[in-house]
Amino acid sequence: MEKNKGKLAIVTGASTGIGYELAKCCAEDGFDLLIAADEAEIHTAAEDFRKLGVQVDAVEVDLATTEGVDELYSALNGRAVDALLANAGIGLGGAFLGQDFEDIRHVIDTNITGTIYLAQRIGNEMVSRGTGRILFTGSIAGFTPGTFNATYNGTKAFIDSFSFALRNELKDTGVTVTCLMPGATETEFFERADMLDTKIGQSKKDDPVDVAKVGYEAMMNGEGDVVAGFKNKVMSAAALFTPSETLAEQHRKKAEPGSANK
């Protein structure tokens, strides 16, 4: 814990799930925290992390907006960021044409726009100092056309690809970029995405504690990417050799509304 004493980590989407567990990993390892989420539970999470003996600031903010990202950035008060764990993300189940476009845009702006805006602001400062760690929470969903979760899977394909590109751009700067790619994880994701009546929503999922530990260790080791869980490693590898039409049909069977009862 002493090795990271005085260092600062930003963790987004840290109120619950993988983000909460990532922030806990940071705190247990000595990092002070600036955490953010779009719900009041972020303040409860902050109290939990303070009990681990680190300084914690919490911001309840919508990271789908540039204004929200700017508010989070302002909360730094000029402090240097040693690790950025860009985890905030949301899903949206159901047929694309039947969805409200504002909901669709909110997914894109949360998962992509706000994420890369924050990464650019923090990343530039890291490069200027010649040190820093960035972790993106991507997903194995990025390997699969997401029938009945099309926008979400598309955003994760972007993040998976973007993280590899940014890592290569920064390879000689002292700043590392890691992409954590989990599979279905036991979080509030499926409830918030209105997917509890689907097969994937009802299925057994990975433990966010285990997923976060894998991602945190990969970030600290400077690894480029990590797929959490053996089953997910197999699925992501198989996706590389499976026709997209087949993958889309397979996803339909898991994510179609009402599929849990079929």
# chains A, B, ... in the order shown; residues from 1 in each chain; ligands from 1
call {"tool": "closest_atom_pairs", "arguments": {"of": "segment 102-177 of chain A", "to": "segment 246-260 of chain A", "cutoff": "7 Å", "atoms": "only C-alpha atoms", "output": "JSON lines"}}
result
{"residue": "A:Thr144", "atom": "CA", "partner": "A:Leu247", "partner_atom": "CA", "distance": 5.9}
{"residue": "A:Pro145", "atom": "CA", "partner": "A:Ala248", "partner_atom": "CA", "distance": 5.0}
{"residue": "A:Gly146", "atom": "CA", "partner": "A:His251", "partner_atom": "CA", "distance": 6.0}
{"residue": "A:Thr147", "atom": "CA", "partner": "A:Arg252", "partner_atom": "CA", "distance": 5.0}
{"residue": "A:Phe148", "atom": "CA", "partner": "A:Glu256", "partner_atom": "CA", "distance": 5.7}
call {"tool": "write_last_selection", "arguments": {"atoms": "C-alpha atoms", "output": "PDB file, in the first residue's frame"}}
result
ATOM      1  CA  THR A 144     -19.966  -9.553 -31.568  1.00  0.00           C
ATOM      2  CA  PRO A 145     -22.765  -7.792 -33.483  1.00  0.00           C
ATOM      3  CA  GLY A 146     -25.175  -7.108 -30.611  1.00  0.00           C
ATOM      4  CA  THR A 147     -28.606  -8.012 -31.886  1.00  0.00           C
ATOM      5  CA  PHE A 148     -31.129  -6.362 -29.502  1.00  0.00           C
TER       6      PHE A 148
END
call {"tool": "closest_atom_pairs", "arguments": {"of": "segment 63-180 of chain A", "to": "segment 206-220 of chain A", "cutoff": "12 Å", "atoms": "only C-alpha atoms", "output": "CSV"}}
result
residue,atom,partner,partner_atom,distance
A:Asp82,CA,A:Met220,CA,10.9
A:Ala83,CA,A:Met219,CA,8.9
A:Leu84,CA,A:Met219,CA,9.9
A:Leu85,CA,A:Tyr216,CA,8.9
A:Ala86,CA,A:Gly215,CA,11.6
A:Asn87,CA,A:Ala212,CA,10.4
A:Gly132,CA,A:Met220,CA,10.1
A:Arg133,CA,A:Met219,CA,6.8
A:Ile134,CA,A:Met219,CA,7.2
A:Leu135,CA,A:Met219,CA,6.1
A:Phe136,CA,A:Gly215,CA,9.2
A:Thr137,CA,A:Gly215,CA,8.3
A:Gly138,CA,A:Gly215,CA,10.5
A:Ser139,CA,A:Val211,CA,11.2
A:Arg167,CA,A:Met219,CA,11.9
A:Val175,CA,A:Met219,CA,10.8
A:Thr176,CA,A:Met219,CA,7.8
A:Val177,CA,A:Met219,CA,7.4
A:Thr178,CA,A:Met219,CA,5.6
A:Cys179,CA,A:Gly215,CA,7.8
A:Leu180,CA,A:Gly215,CA,5.3
call {"tool": "residues_around", "arguments": {"residues": "Asn261 of chain A", "least_positions_apart": "3", "cutoff": "8 Å", "atoms": "only C-alpha atoms", "output": "PyMOL selection string"}}
result
chain A and resi 197-199+258
call {"tool": "select_by_dssp", "arguments": {"residues": "segment 101-144 of chain A", "states": "strand (DSSP E or B)", "output": "PyMOL selection string"}}
result
chain A and resi 132-137
call {"tool": "write_last_selection", "arguments": {"atoms": "C-alpha atoms", "output": "PDB file, in the first residue's frame"}}
result
ATOM      1  CA  GLY A 132       0.691   7.392 -16.111  1.00  0.00           C
ATOM      2  CA  ARG A 133      -1.681   4.473 -16.510  1.00  0.00           C
ATOM      3  CA  ILE A 134      -4.992   4.394 -18.394  1.00  0.00           C
ATOM      4  CA  LEU A 135      -7.491   1.551 -18.126  1.00  0.00           C
ATOM      5  CA  PHE A 136     -10.548   1.391 -20.382  1.00  0.00           C
ATOM      6  CA  THR A 137     -13.369  -0.999 -19.579  1.00  0.00           C
TER       7      THR A 137
END
call {"tool": "residues_around", "arguments": {"residues": "Asp29 of chain A", "least_positions_apart": "2", "cutoff": "9 Å", "atoms": "only C-alpha atoms", "output": "list in words"}}
result
Met1, Glu2, Lys3, Asn4, Lys5, Lys24, Cys25, Cys26, Ala27 and Phe31 of chain A
call {"tool": "write_last_selection", "arguments": {"atoms": "N, CA and C atoms", "output": "JSON list (two decimals), in the first residue's frame"}}
result
[["chain", "number", "residue", "atom", "x", "y", "z"],
["A", 1, "MET", "N", 0.84, -1.21, 0.00],
["A", 1, "MET", "CA", 0.00, 0.00, 0.00],
["A", 1, "MET", "C", 0.87, 1.25, 0.00],
["A", 2, "GLU", "N", 2.00, 1.20, 0.65],
["A", 2, "GLU", "CA", 2.86, 2.37, 0.75],
["A", 2, "GLU", "C", 3.39, 2.83, -0.60],
["A", 3, "LYS", "N", 3.56, 1.89, -1.53],
["A", 3, "LYS", "CA", 4.17, 2.26, -2.81],
["A", 3, "LYS", "C", 3.34, 3.25, -3.60],
["A", 4, "ASN", "N", 2.02, 3.28, -3.37],
["A", 4, "ASN", "CA", 1.15, 4.20, -4.09],
["A", 4, "ASN", "C", 0.62, 5.32, -3.22],
["A", 5, "LYS", "N", 1.15, 5.45, -2.01],
["A", 5, "LYS", "CA", 0.71, 6.50, -1.10],
["A", 5, "LYS", "C", 0.98, 7.86, -1.73],
["A", 24, "LYS", "N", -12.04, 0.12, -5.37],
["A", 24, "LYS", "CA", -11.63, -0.56, -4.15],
["A", 24, "LYS", "C", -10.22, -1.13, -4.29],
["A", 25, "CYS", "N", -9.92, -1.70, -5.45],
["A", 25, "CYS", "CA", -8.56, -2.20, -5.72],
["A", 25, "CYS", "C", -7.54, -1.08, -5.59],
["A", 26, "CYS", "N", -7.88, 0.08, -6.16],
["A", 26, "CYS", "CA", -6.98, 1.23, -6.09],
["A", 26, "CYS", "C", -6.76, 1.66, -4.64],
["A", 27, "ALA", "N", -7.85, 1.76, -3.89],
["A", 27, "ALA", "CA", -7.75, 2.21, -2.50],
["A", 27, "ALA", "C", -6.96, 1.22, -1.66],
["A", 31, "PHE", "N", -3.84, 4.14, -3.44],
["A", 31, "PHE", "CA", -4.20, 5.32, -4.23],
["A", 31, "PHE", "C", -5.26, 6.16, -3.52]]
call {"tool": "select_by_dssp", "arguments": {"residues": "segment 21-219 of chain A", "states": "alpha helix (DSSP H)", "output": "number ranges by chain"}}
result
A: 21-28, 41-50, 66-74, 101-108, 114-129, 150-169, 189-192, 199-202, 208-219
call {"tool": "write_last_selection", "arguments": {"atoms": "C-alpha atoms", "output": "PDB file, in the first residue's frame"}}
result
ATOM      1  CA  GLU A  21     -14.482  -2.898  -7.349  1.00  0.00           C
ATOM      2  CA  LEU A  22     -11.823  -1.176  -9.466  1.00  0.00           C
ATOM      3  CA  ALA A  23     -11.894   1.797  -7.110  1.00  0.00           C
ATOM      4  CA  LYS A  24     -11.628  -0.558  -4.146  1.00  0.00           C
ATOM      5  CA  CYS A  25      -8.564  -2.205  -5.717  1.00  0.00           C
ATOM      6  CA  CYS A  26      -6.978   1.225  -6.090  1.00  0.00           C
ATOM      7  CA  ALA A  27      -7.755   2.205  -2.499  1.00  0.00           C
ATOM      8  CA  GLU A  28      -6.473  -1.077  -1.097  1.00  0.00           C
ATOM      9  CA  GLU A  41     -24.722   6.054  -4.566  1.00  0.00           C
ATOM     10  CA  ILE A  42     -21.297   7.445  -5.497  1.00  0.00           C
ATOM     11  CA  HIS A  43     -21.231   9.233  -2.133  1.00  0.00           C
ATOM     12  CA  THR A  44     -21.973   6.002  -0.266  1.00  0.00           C
ATOM     13  CA  ALA A  45     -19.167   4.330  -2.184  1.00  0.00           C
ATOM     14  CA  ALA A  46     -16.828   7.162  -1.195  1.00  0.00           C
ATOM     15  CA  GLU A  47     -17.544   6.497   2.482  1.00  0.00           C
ATOM     16  CA  ASP A  48     -16.664   2.832   1.963  1.00  0.00           C
ATOM     17  CA  PHE A  49     -13.327   3.683   0.361  1.00  0.00           C
ATOM     18  CA  ARG A  50     -12.390   6.239   3.041  1.00  0.00           C
ATOM     19  CA  THR A  66     -18.653  17.517 -21.983  1.00  0.00           C
ATOM     20  CA  GLU A  67     -19.874  19.751 -19.168  1.00  0.00           C
ATOM     21  CA  GLY A  68     -19.982  16.744 -16.855  1.00  0.00           C
ATOM     22  CA  VAL A  69     -16.462  15.714 -17.797  1.00  0.00           C
ATOM     23  CA  ASP A  70     -15.284  19.292 -17.267  1.00  0.00           C
ATOM     24  CA  GLU A  71     -16.870  19.278 -13.798  1.00  0.00           C
ATOM     25  CA  LEU A  72     -15.027  16.070 -12.931  1.00  0.00           C
ATOM     26  CA  TYR A  73     -11.783  17.510 -14.268  1.00  0.00           C
ATOM     27  CA  SER A  74     -12.262  20.674 -12.222  1.00  0.00           C
ATOM     28  CA  PHE A 101     -33.039   8.246 -30.025  1.00  0.00           C
ATOM     29  CA  GLU A 102     -32.188  10.311 -26.945  1.00  0.00           C
ATOM     30  CA  ASP A 103     -31.620   7.038 -25.075  1.00  0.00           C
ATOM     31  CA  ILE A 104     -29.457   5.758 -27.921  1.00  0.00           C
ATOM     32  CA  ARG A 105     -27.433   8.944 -27.950  1.00  0.00           C
ATOM     33  CA  HIS A 106     -26.975   8.775 -24.174  1.00  0.00           C
ATOM     34  CA  VAL A 107     -25.368   5.347 -24.540  1.00  0.00           C
ATOM     35  CA  ILE A 108     -23.009   6.615 -27.248  1.00  0.00           C
ATOM     36  CA  GLY A 114     -17.356  11.324 -22.542  1.00  0.00           C
ATOM     37  CA  THR A 115     -14.841   8.529 -22.160  1.00  0.00           C
ATOM     38  CA  ILE A 116     -12.454   9.667 -24.859  1.00  0.00           C
ATOM     39  CA  TYR A 117     -12.854  13.351 -23.948  1.00  0.00           C
ATOM     40  CA  LEU A 118     -11.749  12.564 -20.396  1.00  0.00           C
ATOM     41  CA  ALA A 119      -8.950  10.350 -21.693  1.00  0.00           C
ATOM     42  CA  GLN A 120      -7.648  13.143 -23.906  1.00  0.00           C
ATOM     43  CA  ARG A 121      -7.644  15.711 -21.100  1.00  0.00           C
ATOM     44  CA  ILE A 122      -5.934  13.414 -18.607  1.00  0.00           C
ATOM     45  CA  GLY A 123      -3.748  11.685 -21.183  1.00  0.00           C
ATOM     46  CA  ASN A 124      -2.146  14.923 -22.338  1.00  0.00           C
ATOM     47  CA  GLU A 125      -1.106  15.727 -18.783  1.00  0.00           C
ATOM     48  CA  MET A 126       0.287  12.216 -18.286  1.00  0.00           C
ATOM     49  CA  VAL A 127       2.352  12.463 -21.460  1.00  0.00           C
ATOM     50  CA  SER A 128       3.709  15.852 -20.417  1.00  0.00           C
ATOM     51  CA  ARG A 129       4.960  14.238 -17.183  1.00  0.00           C
ATOM     52  CA  ALA A 150     -26.819  -3.066 -31.037  1.00  0.00           C
ATOM     53  CA  THR A 151     -25.709   0.351 -29.854  1.00  0.00           C
ATOM     54  CA  TYR A 152     -23.955  -0.941 -26.744  1.00  0.00           C
ATOM     55  CA  ASN A 153     -21.966  -3.595 -28.602  1.00  0.00           C
ATOM     56  CA  GLY A 154     -21.048  -1.044 -31.226  1.00  0.00           C
ATOM     57  CA  THR A 155     -19.711   1.346 -28.586  1.00  0.00           C
ATOM     58  CA  LYS A 156     -17.632  -1.408 -27.019  1.00  0.00           C
ATOM     59  CA  ALA A 157     -16.187  -2.342 -30.418  1.00  0.00           C
ATOM     60  CA  PHE A 158     -15.092   1.281 -30.626  1.00  0.00           C
ATOM     61  CA  ILE A 159     -13.526   1.297 -27.156  1.00  0.00           C
ATOM     62  CA  ASP A 160     -11.715  -2.011 -27.709  1.00  0.00           C
ATOM     63  CA  SER A 161     -10.248  -0.715 -30.975  1.00  0.00           C
ATOM     64  CA  PHE A 162      -9.545   2.779 -29.676  1.00  0.00           C
ATOM     65  CA  SER A 163      -7.596   1.496 -26.675  1.00  0.00           C
ATOM     66  CA  PHE A 164      -5.225  -0.541 -28.860  1.00  0.00           C
ATOM     67  CA  ALA A 165      -4.645   2.424 -31.157  1.00  0.00           C
ATOM     68  CA  LEU A 166      -3.989   4.812 -28.287  1.00  0.00           C
ATOM     69  CA  ARG A 167      -1.654   2.325 -26.635  1.00  0.00           C
ATOM     70  CA  ASN A 168       0.449   2.200 -29.779  1.00  0.00           C
ATOM     71  CA  GLU A 169       0.497   5.986 -30.106  1.00  0.00           C
ATOM     72  CA  PHE A 189     -26.105  -3.253 -16.064  1.00  0.00           C
ATOM     73  CA  PHE A 190     -28.888  -5.592 -17.202  1.00  0.00           C
ATOM     74  CA  GLU A 191     -31.506  -3.959 -15.007  1.00  0.00           C
ATOM     75  CA  ARG A 192     -30.585  -0.486 -16.232  1.00  0.00           C
ATOM     76  CA  LYS A 199     -31.582 -15.226 -21.462  1.00  0.00           C
ATOM     77  CA  ILE A 200     -28.381 -13.307 -20.867  1.00  0.00           C
ATOM     78  CA  GLY A 201     -30.107 -11.190 -18.225  1.00  0.00           C
ATOM     79  CA  GLN A 202     -31.152 -14.330 -16.358  1.00  0.00           C
ATOM     80  CA  PRO A 208     -17.318  -8.105 -10.515  1.00  0.00           C
ATOM     81  CA  VAL A 209     -14.706  -8.561  -7.762  1.00  0.00           C
ATOM     82  CA  ASP A 210     -12.823 -11.083  -9.903  1.00  0.00           C
ATOM     83  CA  VAL A 211     -13.219  -9.015 -13.074  1.00  0.00           C
ATOM     84  CA  ALA A 212     -11.900  -5.872 -11.399  1.00  0.00           C
ATOM     85  CA  LYS A 213      -8.884  -7.627  -9.897  1.00  0.00           C
ATOM     86  CA  VAL A 214      -7.901  -9.007 -13.306  1.00  0.00           C
ATOM     87  CA  GLY A 215      -8.239  -5.566 -14.897  1.00  0.00           C
ATOM     88  CA  TYR A 216      -6.421  -3.746 -12.115  1.00  0.00           C
ATOM     89  CA  GLU A 217      -3.482  -6.157 -12.165  1.00  0.00           C
ATOM     90  CA  ALA A 218      -3.237  -5.869 -15.958  1.00  0.00           C
ATOM     91  CA  MET A 219      -3.178  -2.073 -15.696  1.00  0.00           C
TER      92      MET A 219
END
call {"tool": "closest_residue", "arguments": {"among": "A:Leu92, A:Leu8, A:Met181, A:Ala141", "to": "Asp32 of chain A", "atoms": "only C-alpha atoms"}}
result
A:Leu8
call {"tool": "atom_distance", "arguments": {"atom1": "atom CA of Leu33 of chain A", "atom2": "atom CA of Glu188 of chain A"}}
result
22.3 Å
call {"tool": "closest_residue", "arguments": {"among": "A:Ala88, A:Leu240, A:Leu52, A:Leu63", "to": "Ala14 of chain A", "atoms": "only C-alpha atoms"}}
result
A:Ala88
call {"tool": "atom_distance", "arguments": {"atom1": "atom CA of Val54 of chain A", "atom2": "atom CA of Ala9 of chain A"}}
result
11.1 Å
call {"tool": "atom_distance", "arguments": {"atom1": "atom CA of Ala37 of chain A", "atom2": "atom CA of Glu60 of chain A"}}
result
5.3 Å
call {"tool": "closest_residue", "arguments": {"among": "A:Gly53, A:Val11, A:Ala238, A:Tyr20", "to": "Ile35 of chain A", "atoms": "only C-alpha atoms"}}
result
A:Val11
